[in-house]
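As stored in input-v6.cif (mmCIF, C-alpha atoms and all ligand atoms):
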```cif
data_query
loop_
_atom_site.label_atom_id
_atom_site.label_comp_id
_atom_site.auth_asym_id
_atom_site.auth_seq_id
_atom_site.Cartn_x
_atom_site.Cartn_y
_atom_site.Cartn_z
CA LEU A 1 0.44 -192.78 1.39
CA GLU A 2 -0.97 -194.69 -1.58
CA ASN A 3 -4.39 -196.30 -1.14
CA GLY A 4 -4.32 -195.89 2.59
CA GLU A 5 -1.59 -198.52 2.65
CA ARG A 6 0.10 -198.60 6.03
CA HIS A 7 3.83 -198.17 5.95
CA TRP A 8 6.55 -199.40 8.26
CA ALA A 9 10.33 -198.96 8.44
CA LEU A 10 13.30 -200.41 10.29
CA ILE A 11 16.99 -199.52 10.55
CA VAL A 12 19.65 -201.37 12.54
CA HIS A 13 23.35 -200.83 13.20
CA GLY A 14 26.24 -202.99 14.38
CA GLY A 15 28.33 -200.31 16.07
CA ALA A 16 30.49 -197.29 15.35
CA LYS A 17 33.91 -198.92 15.02
CA GLU A 18 36.67 -200.01 12.66
CA ILE A 19 35.81 -203.10 10.67
CA GLU A 20 38.85 -204.98 9.40
CA PRO A 21 38.50 -206.59 5.94
CA ASP A 22 38.18 -210.12 7.38
CA LYS A 23 35.20 -209.01 9.49
CA GLU A 24 33.32 -207.16 6.75
CA GLN A 25 31.21 -210.06 5.63
CA ALA A 26 30.19 -211.08 9.15
CA ASN A 27 29.16 -207.50 9.90
CA ARG A 28 27.17 -207.15 6.70
CA GLU A 29 25.43 -210.49 7.15
CA GLY A 30 24.73 -209.76 10.81
CA VAL A 31 22.95 -206.47 10.25
CA LEU A 32 21.03 -207.98 7.32
CA ARG A 33 19.84 -210.86 9.50
CA ALA A 34 18.75 -208.42 12.19
CA ALA A 35 16.87 -206.37 9.60
CA GLU A 36 15.13 -209.53 8.34
CA ALA A 37 14.07 -210.40 11.88
CA GLY A 38 12.60 -206.94 12.39
CA ARG A 39 10.96 -206.98 8.99
CA SER A 40 9.02 -210.16 9.68
CA VAL A 41 7.52 -208.54 12.78
CA LEU A 42 6.59 -205.26 11.09
CA ALA A 43 5.31 -206.76 7.83
CA ALA A 44 2.94 -208.95 9.86
CA GLY A 45 1.54 -205.85 11.59
CA GLY A 46 3.64 -206.26 14.76
CA SER A 47 4.72 -203.40 16.98
CA SER A 48 7.86 -201.31 16.66
CA ILE A 49 8.83 -202.44 20.20
CA ASP A 50 8.67 -206.10 19.12
CA ALA A 51 10.58 -205.36 15.91
CA VAL A 52 13.38 -203.59 17.77
CA GLY A 53 13.53 -206.48 20.25
CA SER A 54 13.75 -209.15 17.55
CA ALA A 55 16.40 -207.29 15.60
CA ILE A 56 18.54 -206.71 18.68
CA ARG A 57 18.19 -210.32 19.89
CA VAL A 58 19.77 -211.46 16.62
CA LEU A 59 22.72 -209.08 17.10
CA GLU A 60 23.13 -210.08 20.77
CA ASP A 61 23.54 -213.72 19.72
CA LEU A 62 26.22 -213.03 17.10
CA PRO A 63 29.82 -212.98 18.40
CA THR A 64 30.69 -210.36 15.76
CA PHE A 65 29.04 -207.62 17.80
CA ASN A 66 29.85 -206.25 21.24
CA ALA A 67 26.46 -207.02 22.78
CA GLY A 68 25.21 -210.14 24.53
CA ARG A 69 27.47 -212.93 23.29
CA GLY A 70 30.62 -211.20 21.99
CA SER A 71 30.60 -208.53 24.71
CA VAL A 72 33.99 -207.09 25.64
CA PRO A 73 35.44 -207.57 29.15
CA ASN A 74 35.70 -204.75 31.69
CA ALA A 75 38.75 -203.96 33.86
CA ALA A 76 38.07 -207.05 35.98
CA GLY A 77 37.95 -209.22 32.85
CA GLU A 78 34.20 -209.68 33.17
CA VAL A 79 31.24 -208.82 31.00
CA GLU A 80 28.76 -206.21 32.17
CA MET A 81 26.19 -205.07 29.65
CA CYS A 82 23.82 -202.16 29.13
CA SER A 83 20.60 -202.10 27.13
CA ALA A 84 17.50 -199.97 26.80
CA ILE A 85 14.34 -199.65 24.78
CA MET A 86 12.06 -196.63 24.41
CA ASP A 87 8.47 -196.45 23.21
CA GLY A 88 7.70 -193.33 21.20
CA ALA A 89 3.94 -193.64 21.84
CA ASP A 90 4.03 -193.01 25.59
CA ARG A 91 7.76 -192.32 26.06
CA ARG A 92 8.16 -195.19 28.45
CA VAL A 93 11.74 -196.39 28.81
CA GLY A 94 13.14 -199.66 30.15
CA GLY A 95 16.86 -199.97 30.75
CA VAL A 96 19.39 -202.23 32.42
CA SER A 97 22.98 -201.28 33.12
CA ALA A 98 26.08 -203.14 34.26
CA ILE A 99 23.97 -206.30 34.08
CA ARG A 100 25.73 -209.66 34.08
CA ASP A 101 24.90 -213.16 32.93
CA VAL A 102 21.78 -212.55 30.84
CA ARG A 103 21.68 -213.83 27.29
CA HIS A 104 19.44 -211.02 26.05
CA PRO A 105 19.76 -207.74 27.94
CA ILE A 106 17.23 -206.22 25.50
CA ASP A 107 14.57 -208.57 26.90
CA ALA A 108 15.30 -207.42 30.45
CA ALA A 109 14.96 -203.82 29.25
CA THR A 110 11.69 -204.59 27.47
CA ARG A 111 10.19 -206.28 30.53
CA LEU A 112 10.88 -203.09 32.49
CA LEU A 113 8.82 -200.95 30.07
CA PRO A 114 5.49 -201.34 31.93
CA GLU A 115 7.14 -200.79 35.33
CA LYS A 116 7.68 -197.48 37.06
CA GLU A 117 11.48 -197.73 37.08
CA VAL A 118 13.32 -196.49 34.02
CA LEU A 119 16.73 -198.01 34.73
CA LEU A 120 18.02 -200.84 36.93
CA ALA A 121 21.73 -201.35 37.63
CA GLY A 122 24.04 -204.22 38.48
CA GLU A 123 22.66 -206.70 41.00
CA GLY A 124 19.18 -205.19 40.89
CA ALA A 125 19.07 -205.58 37.13
CA LEU A 126 20.12 -209.24 37.38
CA LEU A 127 17.56 -209.84 40.14
CA PHE A 128 14.86 -208.44 37.85
CA ALA A 129 16.01 -210.65 34.96
CA ARG A 130 15.78 -213.68 37.28
CA GLU A 131 12.29 -212.68 38.44
CA GLN A 132 11.27 -212.44 34.80
CA GLU A 133 12.76 -215.91 34.24
CA LEU A 134 14.99 -214.66 31.43
CA GLU A 135 17.67 -216.98 30.11
CA LEU A 136 20.96 -216.78 31.99
CA VAL A 137 24.36 -217.68 30.57
CA THR A 138 27.89 -217.97 31.93
CA GLN A 139 30.57 -215.30 31.64
CA GLU A 140 32.45 -217.66 29.30
CA GLN A 141 29.48 -217.86 26.97
CA LEU A 142 29.31 -214.07 26.81
CA HIS A 143 32.87 -213.11 26.05
CA THR A 144 34.15 -216.01 24.07
CA LEU A 145 35.89 -214.16 21.35
CA GLN A 146 37.14 -210.77 22.33
CA PRO A 147 40.23 -210.91 24.54
CA TYR A 148 41.27 -207.48 25.81
CA ASP A 149 43.99 -206.27 23.42
CA GLY A 150 44.24 -202.75 24.81
CA GLU A 151 42.04 -201.38 22.05
CA GLN A 152 38.86 -199.47 22.84
CA ALA A 153 36.39 -201.17 20.55
CA HIS A 154 33.11 -199.30 20.16
CA ASP A 155 30.29 -201.35 18.91
CA THR A 156 27.01 -201.16 20.62
CA VAL A 157 24.16 -202.46 18.51
CA GLY A 158 20.94 -200.56 17.94
CA ALA A 159 17.63 -200.59 16.13
CA VAL A 160 14.89 -198.08 15.37
CA ALA A 161 11.47 -199.00 13.98
CA LEU A 162 8.22 -197.41 12.83
CA ASP A 163 5.22 -199.74 12.76
CA MET A 164 1.99 -199.67 10.74
CA ASP A 165 0.22 -197.83 13.53
CA GLY A 166 2.73 -194.98 13.37
CA ASN A 167 4.46 -195.94 16.62
CA LEU A 168 8.21 -195.46 16.85
CA ALA A 169 10.66 -197.34 19.08
CA ALA A 170 14.41 -197.27 19.64
CA GLY A 171 16.67 -199.81 21.34
CA THR A 172 20.33 -200.33 22.22
CA SER A 173 22.45 -203.15 23.61
CA THR A 174 26.15 -203.20 24.42
CA GLY A 175 28.99 -204.82 26.29
CA GLY A 176 30.32 -201.29 26.83
CA LEU A 177 33.90 -200.17 26.35
CA THR A 178 36.75 -202.62 26.85
CA GLY A 179 38.55 -202.29 30.16
CA SER A 180 36.01 -199.93 31.77
CA ARG A 181 35.68 -199.79 35.56
CA VAL A 182 33.37 -202.32 37.19
CA GLY A 183 29.89 -200.80 37.41
CA ARG A 184 30.47 -198.38 34.56
CA VAL A 185 27.31 -197.16 32.83
CA GLY A 186 27.63 -195.88 29.29
CA ASP A 187 25.24 -193.83 27.18
CA SER A 188 23.37 -196.82 25.80
CA PRO A 189 20.75 -197.20 28.57
CA LEU A 190 20.32 -193.45 29.15
CA PRO A 191 17.35 -191.77 27.44
CA GLY A 192 18.45 -188.60 25.68
CA CYS A 193 22.01 -189.91 25.41
CA GLY A 194 22.16 -193.31 23.66
CA LEU A 195 18.55 -193.40 22.48
CA TYR A 196 15.25 -191.57 22.29
CA ALA A 197 11.81 -192.06 20.72
CA ASP A 198 8.87 -189.69 20.43
CA ASN A 199 6.06 -190.38 17.94
CA ARG A 200 5.69 -186.64 17.31
CA VAL A 201 9.27 -186.33 16.00
CA GLY A 202 11.23 -189.53 15.38
CA ALA A 203 13.44 -192.09 17.06
CA VAL A 204 17.20 -192.43 17.34
CA ALA A 205 19.86 -194.88 18.57
CA LEU A 206 23.57 -194.16 19.02
CA SER A 207 26.88 -195.94 19.30
CA GLY A 208 30.33 -194.62 20.09
CA ASP A 209 32.28 -193.10 22.93
CA GLY A 210 29.71 -193.51 25.70
CA GLU A 211 31.05 -190.99 28.17
CA THR A 212 31.20 -188.25 25.56
CA ILE A 213 27.81 -189.18 24.09
CA SER A 214 26.37 -188.81 27.60
CA ARG A 215 28.09 -185.47 28.22
CA VAL A 216 26.74 -184.11 24.93
CA ALA A 217 23.30 -185.80 25.33
CA VAL A 218 23.53 -186.71 21.67
CA ALA A 219 20.10 -188.36 21.29
CA SER A 220 18.32 -185.30 22.62
CA GLN A 221 20.46 -183.04 20.42
CA ILE A 222 19.40 -185.05 17.39
CA MET A 223 15.73 -184.97 18.41
CA ALA A 224 15.89 -181.19 18.69
CA ARG A 225 17.61 -180.88 15.33
CA LEU A 226 15.03 -183.10 13.60
CA LYS A 227 12.50 -180.29 13.97
CA ASP A 228 14.23 -178.33 11.21
CA GLN A 229 16.96 -180.50 9.71
CA GLU A 230 16.92 -183.60 7.52
CA PRO A 231 17.93 -186.69 9.51
CA ASP A 232 21.46 -187.18 8.06
CA PRO A 233 22.69 -183.65 8.85
CA ALA A 234 20.81 -183.71 12.18
CA ILE A 235 22.87 -186.77 13.22
CA GLY A 236 26.08 -185.55 11.60
CA ASP A 237 25.94 -182.12 13.25
CA ALA A 238 25.23 -183.62 16.67
CA LEU A 239 28.09 -186.13 16.31
CA ALA A 240 30.46 -183.32 15.32
CA GLU A 241 30.30 -182.23 18.98
CA LEU A 242 31.93 -185.46 20.15
CA PRO A 243 35.58 -184.72 19.28
CA ILE A 244 35.13 -181.12 20.42
CA VAL A 245 33.98 -182.23 23.87
CA GLY A 246 35.78 -185.57 24.25
CA GLY A 247 38.95 -185.17 22.18
CA PRO A 248 40.00 -186.60 18.79
CA GLU A 249 39.24 -190.23 19.72
CA ALA A 250 35.63 -189.49 20.65
CA ASP A 251 33.51 -190.62 17.74
CA GLY A 252 30.21 -192.30 17.08
CA GLY A 253 27.37 -193.16 14.77
CA GLY A 254 23.61 -192.82 14.84
CA ILE A 255 20.46 -194.11 13.14
CA VAL A 256 17.11 -192.31 12.84
CA ILE A 257 13.60 -192.81 11.55
CA THR A 258 11.38 -189.74 11.44
CA ARG A 259 7.69 -189.83 12.26
CA ASP A 260 6.90 -189.83 8.53
CA GLY A 261 9.25 -192.76 7.86
CA ARG A 262 12.39 -191.04 6.53
CA PHE A 263 15.66 -192.80 7.34
CA GLY A 264 18.86 -191.16 8.49
CA TRP A 265 22.28 -192.47 9.43
CA ALA A 266 25.66 -190.84 9.87
CA HIS A 267 28.93 -191.57 11.63
CA ASN A 268 32.33 -190.08 12.30
CA SER A 269 33.82 -193.44 13.28
CA ARG A 270 35.70 -195.15 10.44
CA GLU A 271 32.96 -197.75 9.89
CA PHE A 272 29.33 -198.09 10.93
CA ALA A 273 27.48 -201.17 9.67
CA VAL A 274 23.85 -200.35 8.91
CA ALA A 275 20.94 -202.22 7.34
CA LEU A 276 17.51 -200.83 6.57
CA ILE A 277 14.22 -201.89 5.07
CA ASN A 278 10.75 -200.42 4.73
CA SER A 279 7.38 -201.48 3.35
CA GLN A 280 8.30 -200.25 -0.14
CA MET A 281 11.51 -202.32 -0.40
CA ASN A 282 11.68 -205.98 -1.37
CA GLU A 283 14.71 -206.73 0.72
CA PRO A 284 16.98 -205.00 3.22
CA ARG A 285 20.08 -203.11 2.11
CA ALA A 286 23.30 -202.91 4.08
CA TRP A 287 26.41 -200.73 4.09
CA LEU A 288 29.57 -200.68 6.20
CA ARG A 289 30.22 -196.96 5.84
CA LYS A 290 28.40 -193.90 4.56
CA ALA A 291 30.87 -193.39 1.71
CA GLU A 292 29.71 -196.75 0.29
CA ALA A 293 26.09 -195.59 0.27
CA LYS A 294 27.04 -192.34 -1.45
CA THR A 295 28.96 -194.10 -4.23
CA HIS A 296 26.54 -196.97 -4.83
CA GLY A 297 23.30 -195.10 -4.19
N1 LIG B 1 28.29 -196.47 23.44
C1 LIG B 1 28.74 -197.69 24.04
C2 LIG B 1 29.16 -197.47 25.44
O1 LIG B 1 29.86 -196.55 25.71
C3 LIG B 1 29.87 -198.31 23.33
C4 LIG B 1 29.69 -198.45 21.87
O2 LIG B 1 28.88 -197.80 21.25
O3 LIG B 1 30.39 -199.28 21.32
O4 LIG B 1 28.82 -198.24 26.29
#
```
Spell out the structure here as structure tokens.
Amino acid sequence: LENGERHWALIVHGGAKEIEPDKEQANREGVLRAAEAGRSVLAAGGSSIDAVGSAIRVLEDLPTFNAGRGSVPNAAGEVEMCSAIMDGADRRVGGVSAIRDVRHPIDAATRLLPEKEVLLAGEGALLFAREQELELVTQEQLHTLQPYDGEQAHDTVGAVALDMDGNLAAGTSTGGLTGSRVGRVGDSPLPGCGLYADNRVGAVALSGDGETISRVAVASQIMARLKDQEPDPAIGDALAELPIVGGPEADGGGIVITRDGRFGWAHNSREFAVALINSQMNEPRAWLRKAEAKTHG
């Protein structure tokens, strides 16, 4: 590090999915806005936990993404969401699953960080959000725009950050998979599956086929691989297990920051909107698929 300057880094994603041409701009702008929100926290010396929270709150408010507002309905036509955040400094985790009616599930997850419990589900999660006086919204406000069309849309959102103090954090938020059973819990709130953070190694957040990601424990696979692989192949090799275990439709995407600030992202979904920024960049960069990054540098 030059002159003892303290570095920071942030990467966000808008879900492993297919982005139709008319949605490209909204996806690109959304991840860029989330990256800007995280940047202002980190550049001011804020924590990686706060940066992940701010970035994810932006994505939860945008109807383009299946998280918070814009969440997809389950089999009963209702929105149940999952979210988690993990602190790489002490490996505390806060998670909520199958939670209804909260505007920002990531805030409920964050409030759970200091508590003993790692994961609250359903009614208990909503009760906790009420106790914490978090903002509640109606079902209509949550799933305004995504009527169930029989398609399984994957698009959890996620963020990973490294702050000036060298602390890593990872977070996820999702409306889950369209048409899932009531009470279904995906990978997103499960440490070792949808996310993980450990200051000694790195931090990771996933999106994709939640059941298969959980069966493969993709986040923990990536963490193990980071010990001797670069982040892109570490993610890519772990994701390659998904279709083997879950069949040809099982795909996903992941983002990583290593303890020394290297970025990684990879996906085997068709698209995966990503934006990243660090203390050496003037502004965030965004891509909709890895092929774009390879062609345009
Ligand atoms: N992984 C999420 C879930 O299964 C869905 C997604 O990434 O879109 O809940």
Fill in: Polymer residues at most 6 Å from range 39-54 of chain A, all atoms listed in the file, same-chain spacing of 2 or more positions, as a ChimeraX atom specification
/A:35-37,56-57,159,161-163,168-169
Same residues, C-alpha atoms, saved as a PDB file, in the frame of the given file:
```
ATOM      1  CA  ALA A  35      16.870-206.370   9.600  1.00  0.00           C
ATOM      2  CA  GLU A  36      15.130-209.530   8.340  1.00  0.00           C
ATOM      3  CA  ALA A  37      14.070-210.400  11.880  1.00  0.00           C
ATOM      4  CA  ILE A  56      18.540-206.710  18.680  1.00  0.00           C
ATOM      5  CA  ARG A  57      18.190-210.320  19.890  1.00  0.00           C
ATOM      6  CA  ALA A 159      17.630-200.590  16.130  1.00  0.00           C
ATOM      7  CA  ALA A 161      11.470-199.000  13.980  1.00  0.00           C
ATOM      8  CA  LEU A 162       8.220-197.410  12.830  1.00  0.00           C
ATOM      9  CA  ASP A 163       5.220-199.740  12.760  1.00  0.00           C
ATOM     10  CA  LEU A 168       8.210-195.460  16.850  1.00  0.00           C
ATOM     11  CA  ALA A 169      10.660-197.340  19.080  1.00  0.00           C
TER      12      ALA A 169
END
```
Worksheet entry | Among the residues A:Val102, A:Val201, A:Val245, A:Val58, the one that comes closest to Asp228 in chain A [using all atoms listed in the file] | A:Val201
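Nearest residue to ligand LIG 1 (chain B) among A:Phe128, A:Phe65, A:Trp287, A:Phe263 is A:Phe65, counting all atoms listed in the file.
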Worksheet entry | Neighbourhood of ligand LIG 1 (chain B) at 6 Å, counting all atoms listed in the file, reported as a PyMOL selection string | chain A and resi 15+154-156+174+176-177+186-188+207-210
Fill in: Contacts of Arg111 in chain A at 10 Å (all atoms listed in the file; same-chain gap of 2+ positions) as a ChimeraX atom specification
/A:85,94-95,106-109,113-115,128-129,132,134
Discussion item. Between CA of Cys193 in chain A and CA of Thr258 in chain A, what distance in Å does the model show, to one decimal?
Written reply: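 Those two atoms sit 17.6 Å apart.
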Practice prompt. Give me, please, the distance in Å between CA of Arg91 in chain A and CA of Tyr196 in chain A, quoted to one decimal.
Written response: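 Pair CA of Arg91 in chain A / CA of Tyr196 in chain A returns 8.4 Å.
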Worksheet item: What is the CA of Thr64 in chain A to CA of Leu10 in chain A distance in Å?
Response: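 Computing the Euclidean distance for CA of Thr64 in chain A and CA of Leu10 in chain A yields 20.8 Å.
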Worksheet item: Can you tell me, as JSON, numbers by chain, what residues are no more than 7 Å from Met81 in chain A when counting all atoms listed in the file, ignoring any on the same chain fewer than 6 positions away?
Response: {"A": [97, 98, 99, 100, 174, 175, 176]}
Item to complete: Would you list the residues near (32.9, -181.7, 19.1) (no more than 12 Å away, in the coordinates of the file, using only C-alpha atoms) as a list in words?
Response: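 Here is the list of nearby residues: Thr212, Ile213, Arg215, Val216, Val218, Gly236, Asp237, Ala238, Leu239, Ala240, Glu241, Leu242, Pro243, Ile244, Val245, Gly246, Gly247, Pro248, Glu249, Ala250, Asp251, Gly252 and Asn268 of chain A.
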Worksheet item: Got a sec: who's within 10 Å of Gly30 in chain A, counting only C-alpha atoms, leaving out chain neighbours fewer than 4 positions off, as a list in words?
Response: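 Counting only C-alpha atoms, the residues come to Val12, His13, Gly14, Glu24, Gln25, Ala26, Ala34, Ala35, Glu36, Ala55, Val58, Leu59, Asp61, Leu62, Pro63, Thr64, Phe65, Ala273, Val274, Ala275 and Ala286 of chain A.
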